[in-house]
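S.K.: Dumping the structure here so I can ask a few things about it.
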Amino acid sequence: MLCASPLSVTVIRFGEARRPQQNYDRKTTETLLGAHCNPKPAMETEVAVAATVRALHQIFAAVWVGATVYVTVAVLPALRDGEGSSEMVGRLTSRFTAISIVSVVVLLVTGGHLAGTLYTFESLIETTSGNLVLVMTALWLVLAGVLHVATSKLDGEGAVEKTADDAYAWYVVGSLLGVALLVNGVLFAYF
Ligand code: HEM
């Protein structure tokens, strides 16, 4: 225990707390601590991969939800007042679509990796944090669908004021779902 780095200990303790129902925690701890006393590059790589995946998950969650909220509260009100051209709306929606597509994919891949490494099928069903993962996955799917419709409406036929008006309610729902997803993420710290 004395020769473990603070990072290793944090990662190990986090894992142990999250998987009380699994049997290999002590073994994992001993293996990891042993690895640090007698460093094995593979273990350090495992920790680096876990930290990178979690960081990517958080960054893309923040960027996706942040972009959605910004369009809702800052961009759409101006467009609804007629400030902006169809060309500008086209550029805006194509950039937003790119952010959304990349975020959807990165969140699925990193979320899948987190779920696969931190949970078993049983713990997804039987524990509160496992249920939170399932809720997160469902909300991810709904949010992707809502934002797809929202962007299509904004980029639709007609005057900018009208398309922005049509899209507004969808972006409001998208923002609320996005914030709910971030709150869902916070809850993992307590369950
Ligand atoms: C297929 C979709 C997704 C899956 C499978 C998934 C899965 C996960 C898993 C397994 C965790 C770690 C839970 C734990 O620490 O026990 C997590 C954390 C988190 N997720 Fe997701 N997630 C998905 C989509 C999203 C989306 C769309 C957002 C927000 C827009 C999001 C935001 C977060 C946040 C903020 C955390 C907390 C990160 C941390 O504490 O380090 N996730 N997710």
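Chain labels follow the order of the structure tokens: the first chain is A, the next B, and so on; residue numbering restarts at 1 in every chain, and ligands are counted from 1 in their shown order.
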How would you write, as a PyMOL selection string, the set of residues no farther than 8 Å from ligand 1 when counting only C-alpha atoms and all ligand atoms?
M.R.: chain A and resi 18+54-55+57-58+60-62+64-65+103-104+107-116+118-119+129-130+132-134+136-141+143+178-179+181-189
S.K.: Residues of the last selection are to be written out with C-alpha atoms, as a tab-separated table (two decimals), in the first residue's frame.
M.R.:
chain	number	residue	atom	x	y	z
A	18	ARG	CA	-18.52	0.72	-7.57
A	54	ARG	CA	-13.61	9.13	-18.72
A	55	ALA	CA	-12.18	12.51	-19.74
A	57	HIS	CA	-16.91	11.15	-21.99
A	58	GLN	CA	-17.10	14.23	-19.76
A	60	PHE	CA	-18.12	15.57	-25.11
A	61	ALA	CA	-21.05	15.57	-22.67
A	62	ALA	CA	-20.19	19.16	-21.73
A	64	TRP	CA	-22.81	18.73	-26.68
A	65	VAL	CA	-25.08	19.99	-23.90
A	103	SER	CA	-20.68	13.67	-29.63
A	104	VAL	CA	-23.25	10.90	-30.18
A	107	LEU	CA	-20.44	9.23	-25.92
A	108	LEU	CA	-21.65	5.83	-27.13
A	109	VAL	CA	-18.13	4.42	-27.46
A	110	THR	CA	-16.75	5.87	-24.22
A	111	GLY	CA	-20.00	5.16	-22.31
A	112	GLY	CA	-19.95	1.59	-23.61
A	113	HIS	CA	-16.34	1.21	-22.48
A	114	LEU	CA	-17.13	2.62	-19.01
A	115	ALA	CA	-20.17	0.38	-18.67
A	116	GLY	CA	-18.23	-2.67	-19.86
A	118	LEU	CA	-17.29	-0.93	-14.36
A	119	TYR	CA	-20.46	-3.03	-14.54
A	129	SER	CA	-25.80	3.20	-10.32
A	130	GLY	CA	-26.41	0.45	-12.89
A	132	LEU	CA	-28.52	5.26	-13.77
A	133	VAL	CA	-26.37	3.93	-16.63
A	134	LEU	CA	-29.48	2.48	-18.30
A	136	MET	CA	-28.35	7.62	-19.29
A	137	THR	CA	-28.34	5.38	-22.34
A	138	ALA	CA	-32.08	5.87	-22.92
A	139	LEU	CA	-31.75	9.66	-22.53
A	140	TRP	CA	-28.79	9.66	-24.95
A	141	LEU	CA	-30.97	8.04	-27.61
A	143	LEU	CA	-31.61	13.47	-27.00
A	178	GLY	CA	-29.06	17.50	-21.78
A	179	VAL	CA	-29.11	19.06	-18.31
A	181	LEU	CA	-28.11	13.83	-18.43
A	182	LEU	CA	-25.46	15.93	-16.68
A	183	VAL	CA	-27.38	15.64	-13.39
A	184	ASN	CA	-27.58	11.89	-14.00
A	185	GLY	CA	-23.76	11.93	-14.34
A	186	VAL	CA	-23.40	13.80	-11.02
A	187	LEU	CA	-25.54	11.15	-9.27
A	188	PHE	CA	-22.91	8.48	-9.98
A	189	ALA	CA	-20.80	10.09	-7.25
S.K.: Tell me, counting only C-alpha atoms, for each residue of segment 114-163 of chain A within 9 Å of segment 85-101 of chain A, which pair of atoms is nearest and how far apart they are in Å to one decimal, in rows ordered by chain and increasing number, as a tab-separated table.
M.R.:
residue	atom	partner	partner_atom	distance
A:Ala144	CA	A:Ser100	CA	7.6
A:Leu147	CA	A:Ser100	CA	8.0
A:His148	CA	A:Thr97	CA	7.8
A:Thr151	CA	A:Thr93	CA	6.2
A:Ser152	CA	A:Thr93	CA	8.3
A:Leu154	CA	A:Thr93	CA	7.4
A:Asp155	CA	A:Gly90	CA	6.1
A:Gly158	CA	A:Ser86	CA	8.7
A:Ala159	CA	A:Ser86	CA	7.5
A:Val160	CA	A:Ser86	CA	6.0
S.K.: Expressed in Å to a single decimal, how great is the separation between atom CA of Ala180 of chain A and atom CA of Ala150 of chain A?
M.R.: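 Distance reported for this atom pair: 17.9 Å.
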S.K.: So which one's closest to Glu46 of chain A, A:Gly82, A:Val105, A:Thr117, A:Thr128? Using only C-alpha atoms, please.
M.R.: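 Residue with the minimum atom-to-atom distance to Glu46 of chain A: A:Thr117.
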S.K.: Would you mind reading off the distance between atom CA of Ala51 of chain A and atom CA of Ser175 of chain A, one decimal, in Å?
M.R.: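 For atom CA of Ala51 of chain A relative to atom CA of Ser175 of chain A, the distance reads 27.2 Å.
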S.K.: What separation in Å, quoted to one decimal, exists between atom CA of Val173 of chain A and atom CA of Val146 of chain A?
M.R.: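 Between atom CA of Val173 of chain A and atom CA of Val146 of chain A the gap is 7.5 Å.
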S.K.: I want to know what sits within 9 Å of Asp166 of chain A, based on only C-alpha atoms, with residues of the same chain fewer than 3 positions away left out; could you give that as a PDB file with C-alpha atoms, in the first residue's frame?
M.R.:
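Writing the result to selection_31.pdb gives the following:
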ATOM      1  CA  ALA A 150     -34.664  20.368 -33.933  1.00  0.00           C
ATOM      2  CA  LYS A 153     -36.691  22.246 -38.417  1.00  0.00           C
ATOM      3  CA  LEU A 154     -34.199  25.104 -38.063  1.00  0.00           C
ATOM      4  CA  GLU A 161     -38.055  33.788 -38.152  1.00  0.00           C
ATOM      5  CA  LYS A 162     -40.450  30.940 -38.917  1.00  0.00           C
ATOM      6  CA  THR A 163     -37.906  28.103 -38.969  1.00  0.00           C
ATOM      7  CA  ALA A 169     -39.527  24.089 -28.579  1.00  0.00           C
ATOM      8  CA  TRP A 170     -37.358  21.176 -29.761  1.00  0.00           C
TER       9      TRP A 170
END
